[in-house]
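Enquirer: For reference, the file target_9.txt (compact mmCIF, C-alpha atoms) is included below:
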# COMPACT_ATOMS: atom_id res chain seq x y z
CA MET A 103 109.95 84.08 121.50
CA PRO A 104 106.15 84.72 121.30
CA GLN A 105 103.74 81.84 120.98
CA ALA A 106 103.04 80.44 117.51
CA PRO A 107 100.42 82.29 115.45
CA ALA A 108 98.01 79.30 115.53
CA PRO A 109 96.79 79.94 119.12
CA VAL A 110 96.28 83.62 118.25
CA SER A 111 94.21 82.72 115.21
CA ARG A 112 92.16 80.27 117.28
CA ALA A 113 91.58 82.85 120.02
CA LEU A 114 90.35 85.38 117.47
CA ARG A 115 87.95 82.85 115.94
CA GLN A 116 86.54 82.09 119.38
CA ALA A 117 86.22 85.75 120.42
CA PRO A 118 82.89 87.61 120.25
CA PRO A 119 82.88 89.73 117.05
CA ASP A 120 82.77 93.01 119.00
CA ARG A 121 85.74 92.05 121.24
CA LEU A 122 88.38 91.14 118.67
CA VAL A 123 90.58 94.13 119.43
CA GLU A 124 90.57 93.44 123.17
CA VAL A 125 91.49 89.78 122.59
CA ALA A 126 94.33 90.76 120.25
CA ASP A 127 95.54 93.38 122.74
CA ARG A 128 95.70 90.84 125.57
CA LEU A 129 97.48 88.23 123.45
CA VAL A 130 100.06 90.63 122.03
CA ARG A 131 100.89 92.23 125.37
CA SER A 132 101.15 88.92 127.23
CA SER A 133 103.29 87.35 124.48
CA THR A 134 105.64 90.24 123.73
CA GLY A 135 105.63 92.49 126.81
CA ALA A 136 104.20 95.30 124.66
CA LEU A 137 103.38 98.45 126.61
CA ARG A 138 100.14 98.96 124.70
CA THR A 139 98.37 98.14 121.45
CA ASP A 140 95.52 99.62 119.47
CA VAL A 141 93.79 99.21 116.16
CA PHE A 142 93.27 102.22 113.91
CA ILE A 143 90.59 101.92 111.19
CA ALA A 144 90.41 104.01 108.01
CA ASP A 145 87.34 106.20 107.67
CA TYR A 146 84.94 106.11 104.73
CA ARG A 147 86.79 108.83 102.84
CA ILE A 148 90.19 107.23 103.62
CA THR A 149 91.43 110.54 105.00
CA GLY A 150 92.40 109.39 108.51
CA LEU A 151 92.87 106.43 110.87
CA TRP A 152 90.80 106.22 114.05
CA PRO A 153 91.40 104.21 117.25
CA VAL A 154 89.11 101.37 118.31
CA LEU A 155 90.20 100.62 121.90
CA ASP A 156 89.94 104.24 123.04
CA PRO A 157 87.69 106.16 120.62
CA THR A 158 88.09 109.32 122.73
CA LEU A 159 91.67 109.64 121.45
CA SER A 160 92.35 111.68 118.33
CA GLY A 161 92.91 109.89 115.07
CA VAL A 162 95.88 109.82 112.75
CA GLY A 163 95.72 111.85 109.56
CA PRO A 164 95.94 113.01 106.91
CA LEU A 165 96.89 109.71 105.32
CA HIS A 166 99.21 111.41 102.83
CA GLY A 167 101.24 112.74 105.80
CA LYS A 168 104.64 111.62 107.09
CA GLY A 169 103.82 109.83 110.36
CA GLY A 170 104.41 106.14 110.99
CA ALA A 171 100.75 105.17 110.69
CA PRO A 172 100.16 106.90 107.32
CA ARG A 173 103.43 105.50 105.95
CA CYS A 174 102.46 101.99 107.04
CA PHE A 175 98.97 102.35 105.54
CA ARG A 176 100.28 103.66 102.22
CA SER A 177 103.25 101.33 101.83
CA GLN A 178 101.55 98.24 103.31
CA GLN A 179 104.82 97.51 105.10
CA PRO A 180 105.69 97.48 108.85
CA VAL A 181 107.02 100.82 110.11
CA VAL A 182 109.04 101.32 113.31
CA ASP A 183 108.90 104.81 114.85
CA ASP A 184 110.79 106.30 117.78
CA ALA A 185 108.28 107.01 120.58
CA GLY A 186 110.81 108.71 122.90
CA GLU A 187 112.33 107.58 126.22
CA GLY A 188 113.74 104.46 124.54
CA ARG A 189 110.34 103.21 123.46
CA CYS A 190 109.27 102.52 119.88
CA GLN A 191 105.99 102.22 118.00
CA LEU A 192 105.54 99.35 115.57
CA TRP A 193 102.83 99.96 112.94
CA LEU A 194 101.53 96.95 110.97
CA PRO A 195 99.06 96.95 108.05
CA LEU A 196 95.64 95.36 108.53
CA THR A 197 94.86 94.10 105.04
CA VAL A 198 92.73 91.28 103.55
CA TRP A 199 93.16 90.36 99.85
CA GLY A 200 94.34 93.90 99.22
CA GLU A 201 91.49 95.51 101.18
CA ARG A 202 93.20 98.05 103.45
CA LEU A 203 91.25 98.16 106.73
CA GLY A 204 93.72 100.15 108.85
CA VAL A 205 96.82 99.56 110.97
CA LEU A 206 97.78 97.77 114.20
CA LEU A 207 99.89 99.68 116.72
CA VAL A 208 102.23 97.76 119.05
CA GLU A 209 104.22 99.95 121.43
CA LEU A 210 107.42 98.29 122.69
CA ALA A 211 110.16 99.06 125.21
CA GLU A 212 112.85 98.40 122.57
CA PRO A 213 113.06 97.98 118.78
CA PRO A 214 111.69 94.61 117.58
CA GLY A 215 113.94 91.91 116.16
CA PRO A 216 113.16 89.91 112.97
CA ASP A 217 111.30 87.14 114.83
CA LEU A 218 109.04 89.60 116.63
CA LEU A 219 108.39 91.50 113.40
CA ALA A 220 107.38 88.28 111.67
CA TRP A 221 105.14 87.19 114.57
CA THR A 222 103.32 90.51 114.91
CA GLY A 223 102.86 90.57 111.13
CA GLU A 224 101.09 87.19 111.34
CA VAL A 225 98.91 88.49 114.16
CA ALA A 226 98.00 91.57 112.11
CA GLY A 227 97.04 89.33 109.18
CA ASP A 228 94.84 87.09 111.35
CA LEU A 229 93.25 90.11 113.00
CA ALA A 230 92.46 91.72 109.64
CA VAL A 231 90.67 88.57 108.46
CA ALA A 232 88.71 88.42 111.72
CA LEU A 233 87.76 92.10 111.55
CA ARG A 234 86.42 91.74 108.04
CA ALA A 235 84.42 88.64 108.98
CA ALA A 236 83.04 90.37 112.09
CA ASP A 237 81.92 93.46 110.20
CA ARG A 238 78.49 91.95 109.44
CA GLU A 239 77.98 90.77 113.04
CA THR A 240 78.64 94.02 114.89
CA ASP A 241 78.37 97.77 114.26
CA ARG A 242 81.38 98.60 116.41
CA TYR A 243 83.97 98.92 113.65
CA ARG A 244 81.59 100.71 111.28
CA ARG A 245 80.93 103.32 113.95
CA VAL A 246 84.67 103.97 114.11
CA ARG A 247 84.83 104.36 110.32
CA ARG A 248 82.20 107.09 110.14
CA ARG A 249 83.22 110.59 111.11
CA GLU A 250 79.75 112.00 110.55
CA ARG A 251 76.28 110.58 110.04
CA LEU A 252 75.63 108.70 106.81
CA THR A 253 72.44 109.34 104.89
CA LEU A 254 70.23 106.29 104.48
CA ALA A 255 71.14 106.20 100.77
CA ALA A 256 74.86 106.21 101.57
CA GLU A 257 74.37 103.46 104.18
CA MET A 258 72.78 101.29 101.50
CA GLN A 259 75.52 102.03 98.97
CA TRP A 260 78.39 101.19 101.33
CA ASP A 261 76.69 97.94 102.37
CA LEU A 262 76.35 96.99 98.70
CA LEU A 263 80.05 97.37 97.88
CA PRO A 264 82.27 94.29 97.41
CA GLY A 265 85.17 96.09 99.14
CA ARG A 266 87.43 99.01 98.32
CA SER A 267 90.44 97.18 96.89
CA LEU A 268 91.45 93.74 95.68
CA ASP A 269 94.98 92.38 95.19
CA HIS A 270 95.90 89.53 92.84
CA PRO A 271 99.19 88.44 91.24
CA ALA A 272 97.89 89.73 87.88
CA PHE A 273 96.26 92.97 88.98
CA LEU A 274 95.48 95.48 91.70
CA LEU A 275 91.97 96.93 91.78
CA ALA A 276 90.56 99.79 93.87
CA GLY A 277 87.52 102.06 93.99
CA GLN A 278 86.14 104.99 95.94
CA LEU A 279 82.74 106.70 96.28
CA GLU A 280 82.13 110.38 97.00
CA PRO A 281 80.58 112.21 98.69
CA ALA A 282 81.21 109.37 101.11
CA TYR A 283 78.53 110.28 103.63
CA SER A 284 75.74 111.16 101.21
CA VAL A 285 76.42 109.27 97.98
CA GLY A 286 73.24 108.30 96.14
CA GLY A 287 73.31 106.53 92.77
CA ASP A 288 76.90 106.02 91.62
CA HIS A 289 78.44 102.68 92.48
CA PHE A 290 80.90 99.93 91.56
CA ASP A 291 80.99 96.17 91.90
CA TRP A 292 83.47 93.40 91.13
CA SER A 293 83.94 89.66 91.41
CA LEU A 294 86.84 87.28 90.74
CA ASP A 295 85.92 83.76 89.72
CA ALA A 296 87.82 81.05 87.79
CA ASP A 297 90.30 83.41 86.10
CA ARG A 298 87.53 85.85 85.20
CA LEU A 299 87.43 89.31 86.76
CA THR A 300 84.12 91.13 86.34
CA VAL A 301 83.98 94.86 87.09
CA THR A 302 80.92 97.11 86.80
CA VAL A 303 80.72 100.86 87.30
CA LEU A 304 77.32 102.52 87.55
CA ASN A 305 76.37 106.15 86.96
CA GLY A 306 72.94 106.20 88.60
CA THR A 307 70.37 108.89 87.87
CA GLY A 308 68.74 111.02 90.53
CA SER A 309 69.81 111.46 94.12
CA GLY A 310 69.11 110.26 97.62
CA LEU A 311 67.08 107.18 98.46
CA PRO A 312 65.39 106.74 95.03
CA ALA A 313 68.82 106.65 93.36
CA ALA A 314 70.18 104.18 95.92
CA LEU A 315 67.18 101.88 95.42
CA LEU A 316 67.65 102.03 91.65
CA THR A 317 71.33 101.15 91.98
CA SER A 318 70.61 98.33 94.40
CA VAL A 319 68.16 96.69 91.99
CA THR A 320 70.63 97.08 89.12
CA VAL A 321 73.60 95.62 90.99
CA ASN A 322 71.63 92.69 92.35
CA ALA A 323 70.14 91.90 88.95
CA MET A 324 73.63 91.77 87.42
CA ARG A 325 74.90 89.68 90.33
CA ASN A 326 71.97 87.29 89.91
CA ALA A 327 72.80 86.76 86.25
CA ARG A 328 76.54 86.47 86.92
CA ARG A 329 76.13 83.97 89.76
CA SER A 330 73.85 81.89 87.56
CA GLY A 331 76.62 81.64 84.98
CA GLY A 332 75.30 84.39 82.72
CA SER A 333 77.59 86.13 80.26
CA LEU A 334 78.37 89.84 80.32
CA VAL A 335 75.59 90.46 77.79
CA GLU A 336 73.12 88.43 79.85
CA GLN A 337 74.02 90.44 82.96
CA ALA A 338 73.33 93.70 81.13
CA GLU A 339 70.12 92.47 79.56
CA LEU A 340 68.64 91.04 82.75
CA ALA A 341 69.37 94.26 84.63
CA SER A 342 67.95 96.38 81.80
CA ASP A 343 64.74 94.34 81.55
CA THR A 344 64.32 94.36 85.34
CA LEU A 345 64.62 98.15 85.48
CA PHE A 346 62.32 98.73 82.52
CA TYR A 347 59.50 96.55 83.82
CA GLN A 348 59.73 98.32 87.17
CA HIS A 349 59.94 101.88 85.87
CA ARG A 350 58.72 101.69 82.24
CA GLY A 351 61.66 103.69 80.97
CA SER A 352 61.30 106.60 83.39
CA ARG A 353 64.43 105.54 85.29
CA HIS A 354 67.66 104.19 83.84
CA VAL A 355 71.27 103.54 84.83
CA ALA A 356 74.34 104.25 82.67
CA THR A 357 76.63 101.28 83.26
CA LEU A 358 80.02 100.02 82.16
CA LEU A 359 80.52 96.26 82.38
CA LEU A 360 84.01 94.79 82.01
CA GLU A 361 85.14 91.18 82.02
CA VAL A 362 88.88 90.52 82.10
CA ASP A 363 90.29 87.14 81.13
CA VAL A 364 93.04 87.01 83.74
CA PRO A 365 95.41 84.58 81.98
CA THR A 366 95.48 86.65 78.76
CA GLY A 367 94.50 90.23 79.66
CA ARG A 368 91.74 90.21 77.05
CA VAL A 369 88.89 92.55 78.07
CA ARG A 370 85.28 92.18 77.00
CA ALA A 371 83.18 95.30 77.53
CA VAL A 372 79.54 96.35 77.38
CA ASP A 373 79.20 100.13 77.26
CA ALA A 374 75.62 100.88 78.29
CA GLY A 375 75.75 104.67 78.10
CA SER A 376 78.63 104.23 80.41
CA PRO A 377 80.91 106.00 82.80
CA HIS A 378 84.14 107.04 81.08
CA LEU A 379 86.96 104.50 80.61
CA LEU A 380 90.55 105.78 80.28
CA ARG A 381 93.85 103.97 79.93
CA ALA A 382 97.24 105.17 81.16
CA ARG A 383 100.01 103.55 79.14
CA ALA A 384 103.65 104.70 79.06
CA GLY A 385 102.73 108.01 80.67
CA VAL A 386 99.94 108.80 78.18
CA VAL A 387 96.30 108.92 79.33
CA GLN A 388 93.75 108.28 76.60
CA ARG A 389 90.08 107.46 76.52
CA ILE A 390 89.33 103.93 75.26
CA PRO A 391 86.97 104.26 72.29
CA LEU A 392 83.90 102.14 73.04
CA GLU A 393 80.64 102.40 71.17
CA GLN A 394 78.04 103.64 73.62
CA GLN A 395 74.81 101.69 73.74
CA LEU A 396 71.57 102.46 75.54
CA PRO A 397 71.63 102.85 79.33
CA LEU A 398 70.07 99.98 81.26
CA GLY A 399 66.30 100.23 81.63
CA MET A 400 65.40 102.72 78.87
CA PHE A 401 63.45 100.34 76.59
CA PRO A 402 62.08 96.79 76.77
CA ASP A 403 64.10 93.87 75.42
CA THR A 404 67.19 95.98 74.72
CA ARG A 405 70.03 93.86 73.38
CA TYR A 406 73.71 94.61 73.92
CA ASP A 407 76.90 93.90 71.98
CA VAL A 408 80.32 93.10 73.41
CA GLN A 409 83.46 95.00 72.40
CA GLU A 410 86.98 93.77 73.11
CA PHE A 411 90.46 95.15 73.70
CA ASP A 412 93.73 93.93 75.21
CA LEU A 413 95.68 94.98 78.29
CA GLU A 414 99.46 95.08 78.37
CA PRO A 415 101.55 94.69 81.56
CA GLY A 416 101.91 98.13 83.12
CA ASP A 417 98.55 99.39 81.84
CA ARG A 418 96.30 101.27 84.21
CA LEU A 419 92.55 101.63 83.60
CA PHE A 420 90.45 104.35 85.19
CA ALA A 421 86.64 104.19 85.11
CA VAL A 422 85.00 107.41 86.31
CA SER A 423 81.41 108.54 86.54
CA ASP A 424 80.04 111.83 85.21
CA GLY A 425 80.34 113.22 88.73
CA VAL A 426 84.11 113.11 88.17
CA TYR A 427 84.49 113.62 84.44
CA ALA A 428 81.86 116.35 83.99
CA ALA A 429 82.33 118.09 87.36
CA GLU A 430 82.07 121.80 86.53
CA PRO A 431 82.53 124.23 89.45
CA ASP A 432 81.44 127.82 88.94
CA GLY A 433 83.61 129.53 86.34
CA ALA A 434 85.73 126.43 85.59
CA GLU A 435 85.87 124.01 82.71
CA PRO A 436 84.82 120.38 83.35
CA TYR A 437 87.32 118.48 85.49
CA GLY A 438 87.64 115.77 82.84
CA ARG A 439 88.72 118.11 80.07
CA ARG A 440 92.30 118.62 81.27
CA ALA A 441 92.70 118.61 85.07
CA MET A 442 91.66 114.99 85.52
CA THR A 443 94.17 113.74 82.94
CA ARG A 444 96.97 115.67 84.63
CA THR A 445 96.00 114.15 87.98
CA MET A 446 95.90 110.64 86.54
CA ARG A 447 99.38 111.06 85.06
CA SER A 448 100.64 112.26 88.44
CA THR A 449 99.58 108.95 90.07
CA ARG A 450 101.86 106.79 87.90
CA LEU A 451 104.09 105.85 90.87
CA GLN A 452 101.17 105.21 93.23
CA PRO A 453 99.39 101.86 93.60
CA ALA A 454 95.74 101.75 92.53
CA ALA A 455 94.42 102.19 96.09
CA GLU A 456 96.41 105.43 96.43
CA ALA A 457 95.58 106.61 92.91
CA VAL A 458 91.81 106.64 93.48
CA GLY A 459 92.34 108.72 96.63
CA THR A 460 94.53 111.19 94.74
CA VAL A 461 91.93 111.64 91.98
CA MET A 462 89.21 112.23 94.58
CA ARG A 463 91.32 114.69 96.60
CA GLU A 464 92.13 116.65 93.46
CA LEU A 465 88.45 116.62 92.50
CA HIS A 466 87.57 118.16 95.87
CA ALA A 467 90.37 120.71 95.43
CA TYR A 468 89.05 121.54 91.96
CA HIS A 469 85.75 122.38 93.64
CA ALA A 470 87.70 124.56 96.10
CA ASP A 471 86.71 121.96 98.74
CA ALA A 472 83.02 122.84 98.34
CA ASP A 473 80.50 120.00 98.48
CA LEU A 474 80.36 117.97 95.28
CA ARG A 475 77.26 118.68 93.23
CA ASP A 476 76.99 115.14 91.97
CA ASP A 477 77.92 111.64 93.08
CA ALA A 478 81.37 110.57 91.96
CA VAL A 479 82.98 107.16 91.59
CA VAL A 480 86.55 106.26 90.56
CA VAL A 481 87.72 102.70 89.90
CA CYS A 482 91.36 101.97 89.06
CA LEU A 483 92.74 98.69 87.67
CA ASP A 484 96.50 98.16 87.53
CA TRP A 485 97.31 95.32 85.16
CA ARG A 486 100.46 93.34 85.98
CA GLY A 487 99.86 90.29 83.80
CA ILE A 488 100.46 86.66 84.64
CA PRO A 489 104.18 85.74 84.81
CA ARG A 490 105.17 83.02 82.37
CA ARG A 491 107.47 80.19 83.36
CA ASP A 492 110.42 82.04 81.82
CA GLY A 493 109.74 84.94 84.22
CA ARG A 494 108.34 87.30 81.58
CA GLU A 495 104.86 88.80 81.70
CA GLN A 496 102.12 87.74 79.34
Using structure tokens, write down the structure from this file.
Expert:
Amino acid sequence: MPQAPAPVSRALRQAPPDRLVEVADRLVRSSTGALRTDVFIADYRITGLWPVLDPTLSGVGPLHGKGGAPRCFRSQQPVVDDAGEGRCQLWLPLTVWGERLGVLLVELAEPPGPDLLAWTGEVAGDLAVALRAADRETDRYRRVRRRERLTLAAEMQWDLLPGRSLDHPAFLLAGQLEPAYSVGGDHFDWSLDADRLTVTVLNGTGSGLPAALLTSVTVNAMRNARRSGGSLVEQAELASDTLFYQHRGSRHVATLLLEVDVPTGRVRAVDAGSPHLLRARAGVVQRIPLEQQLPLGMFPDTRYDVQEFDLEPGDRLFAVSDGVYAAEPDGAEPYGRRAMTRTMRSTRLQPAAEAVGTVMRELHAYHADADLRDDAVVVCLDWRGIPRRDGREQ
């Protein structure tokens, strides 16, 4: 029986941030007799998984394929694969609060029993937490994630993100930016605090570094208001005033601000010339009718009103920027007119983290895999509801 998880967790905490994978490899092999281990990290576009211990090896992809690693990543469950000659490969998800970082490979001489599966699962969980904590102390894991050079604007945007998915008993939330290596102004942000989930989606104007700087100021202004206890309206108004007094109305940011009361599913919304908000309910995708107000930063002392609606268990919300909704390749109608709705309906059996990837893949296919002309952001919220004491959802 392998050692208890506590010594593994302690060893990871004491390891240098750039040596976590080596420490985990040594502990797993010495405790289980594993033939080898490796960590595979998802790239920025979430199209493949790439090894950390030996970066010269090829990665695993595409992630919608049938191999053990893609199946583990998609299902978030351990997968045991036959590796030939009596050996097997055990793939384990590396996930923190719903944020899917990648997978852990443990190659064994024989199939694992229940105790070994449970132990390696604990190790994978501890390693995922350590990897996320180490990400700001070393560039090693970020270098694995990038498959080409990021523009400076994209570097800033990825550093500004809260994560790419968040799991909670009441909801599952996920987002994705494209083009991943050169995104400029579009962005998303979220925060969970005291039964209040705040989600913002930004459709920034311009491109490149000026757009990234504009988005950074907007996001940080809203965070400043939120962290000071400001309401949704105060977040919008502080960001709008900050942008106006910097740019005098020449630059603005279309923004959707949502605040979900987690116990009830009541949503408060500020639509500041926003990205598009759609709801999938019982197989029907419809746009939620919100009254559009002025984008942030157009005029001084702009005041905003809150609108409200309710979520029901099983609802799925999509927030998409114009780069998705209005994408118009040569000779084709806008993606949002019909193709996007069909794609969203097709994701009904996928979790939110898979659904955003499907929408983005279909967007690229709609462009015949040509480079996107505009930044694109997709955020997906799956609402489960809080179970009542009688076991029903509320």
Enquirer: Taking only C-alpha atoms into account, which of A:Val301, A:Pro281, A:Gln452, A:Arg381 comes nearest Leu474 of chain A?
Expert: A:Pro281
Enquirer: I'd like a table as a Markdown table: residues in segment 152-216 of chain A with an atom no more than 8 Å from segment 115-139 of chain A, each row giving the shortest atom pair and its distance in Å to one decimal, only C-alpha atoms counted, sorted by chain and rising residue number.
Expert:
| residue | atom | partner | partner_atom | distance |
| --- | --- | --- | --- | --- |
| A:Val154 | CA | A:Val123 | CA | 7.5 |
| A:Leu155 | CA | A:Val123 | CA | 7.0 |
| A:Leu206 | CA | A:Thr139 | CA | 7.3 |
| A:Leu207 | CA | A:Thr139 | CA | 5.2 |
| A:Val208 | CA | A:Thr139 | CA | 4.6 |
| A:Glu209 | CA | A:Arg138 | CA | 5.3 |
| A:Leu210 | CA | A:Ala136 | CA | 4.8 |
| A:Ala211 | CA | A:Leu137 | CA | 6.9 |
Enquirer: Which is closest to Leu465 of chain A among A:Gly385, A:Pro431, A:Pro365, A:Gly487, if we use only C-alpha atoms?
Expert: A:Pro431
Enquirer: Which residue is closest to Glu435 of chain A? Choose from A:Tyr468, A:Thr253, A:Arg189, A:Ala323 and count all atoms listed in the file.
Expert: A:Tyr468
Enquirer: From the options A:Gly227, A:Gly167, A:Pro153, A:Pro214, which residue's atoms come nearest to Leu194 of chain A, counting all atoms listed in the file?
Expert: A:Gly227
Enquirer: Nearest to Trp221 of chain A among A:Thr404, A:Ser111, A:Thr357, A:Ser376, with distances taken over all atoms listed in the file: which residue is it?
Expert: A:Ser111
Enquirer: Calculated over all atoms listed in the file, which of the candidates A:Arg238, A:Arg147, A:Arg353, A:Arg248 has the smallest distance to Gly277 of chain A?
Expert: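 Of the candidates, the smallest distance to Gly277 of chain A is held by A:Arg147.
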Enquirer: Using all atoms listed in the file - which residues lie no farther than 10 Å from the point (103.8, 90.3, 112.1) in the file's frame? Write them as a tab-separated table (two decimals) with C-alpha atoms, in the coordinates of the input.
Expert:
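Saved the output as out22.tsv:
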chain	number	residue	atom	x	y	z
A	107	PRO	CA	100.42	82.29	115.45
A	180	PRO	CA	105.69	97.48	108.85
A	192	LEU	CA	105.54	99.35	115.57
A	193	TRP	CA	102.83	99.96	112.94
A	194	LEU	CA	101.53	96.95	110.97
A	195	PRO	CA	99.06	96.95	108.05
A	206	LEU	CA	97.78	97.77	114.20
A	216	PRO	CA	113.16	89.91	112.97
A	217	ASP	CA	111.30	87.14	114.83
A	218	LEU	CA	109.04	89.60	116.63
A	219	LEU	CA	108.39	91.50	113.40
A	220	ALA	CA	107.38	88.28	111.67
A	221	TRP	CA	105.14	87.19	114.57
A	222	THR	CA	103.32	90.51	114.91
A	223	GLY	CA	102.86	90.57	111.13
A	224	GLU	CA	101.09	87.19	111.34
A	225	VAL	CA	98.91	88.49	114.16
A	226	ALA	CA	98.00	91.57	112.11
A	227	GLY	CA	97.04	89.33	109.18
A	228	ASP	CA	94.84	87.09	111.35
Enquirer: Up to 10 Å from (91.0, 105.0, 84.2) in the file's coordinates: name the residues, counting only C-alpha atoms, as number ranges by chain.
Expert: A: 378-382, 387-390, 417-422, 443, 446, 457-458, 480-484
Enquirer: Any chance you could work out the axis-aligned box around segment 135-140 of chain A, listed atoms only, 5 Å on each side, giving centre and edge lengths in Å to one decimal, as AutoDock Vina command-line options?
Expert:
--center_x 100.6 --center_y 96.1 --center_z 123.1 --size_x 20.1 --size_y 17.1 --size_z 17.3
Enquirer: To one decimal in Å, tell me the separation between atom CA of Tyr146 of chain A and atom CA of Ala428 of chain A.
Expert: 23.3 Å
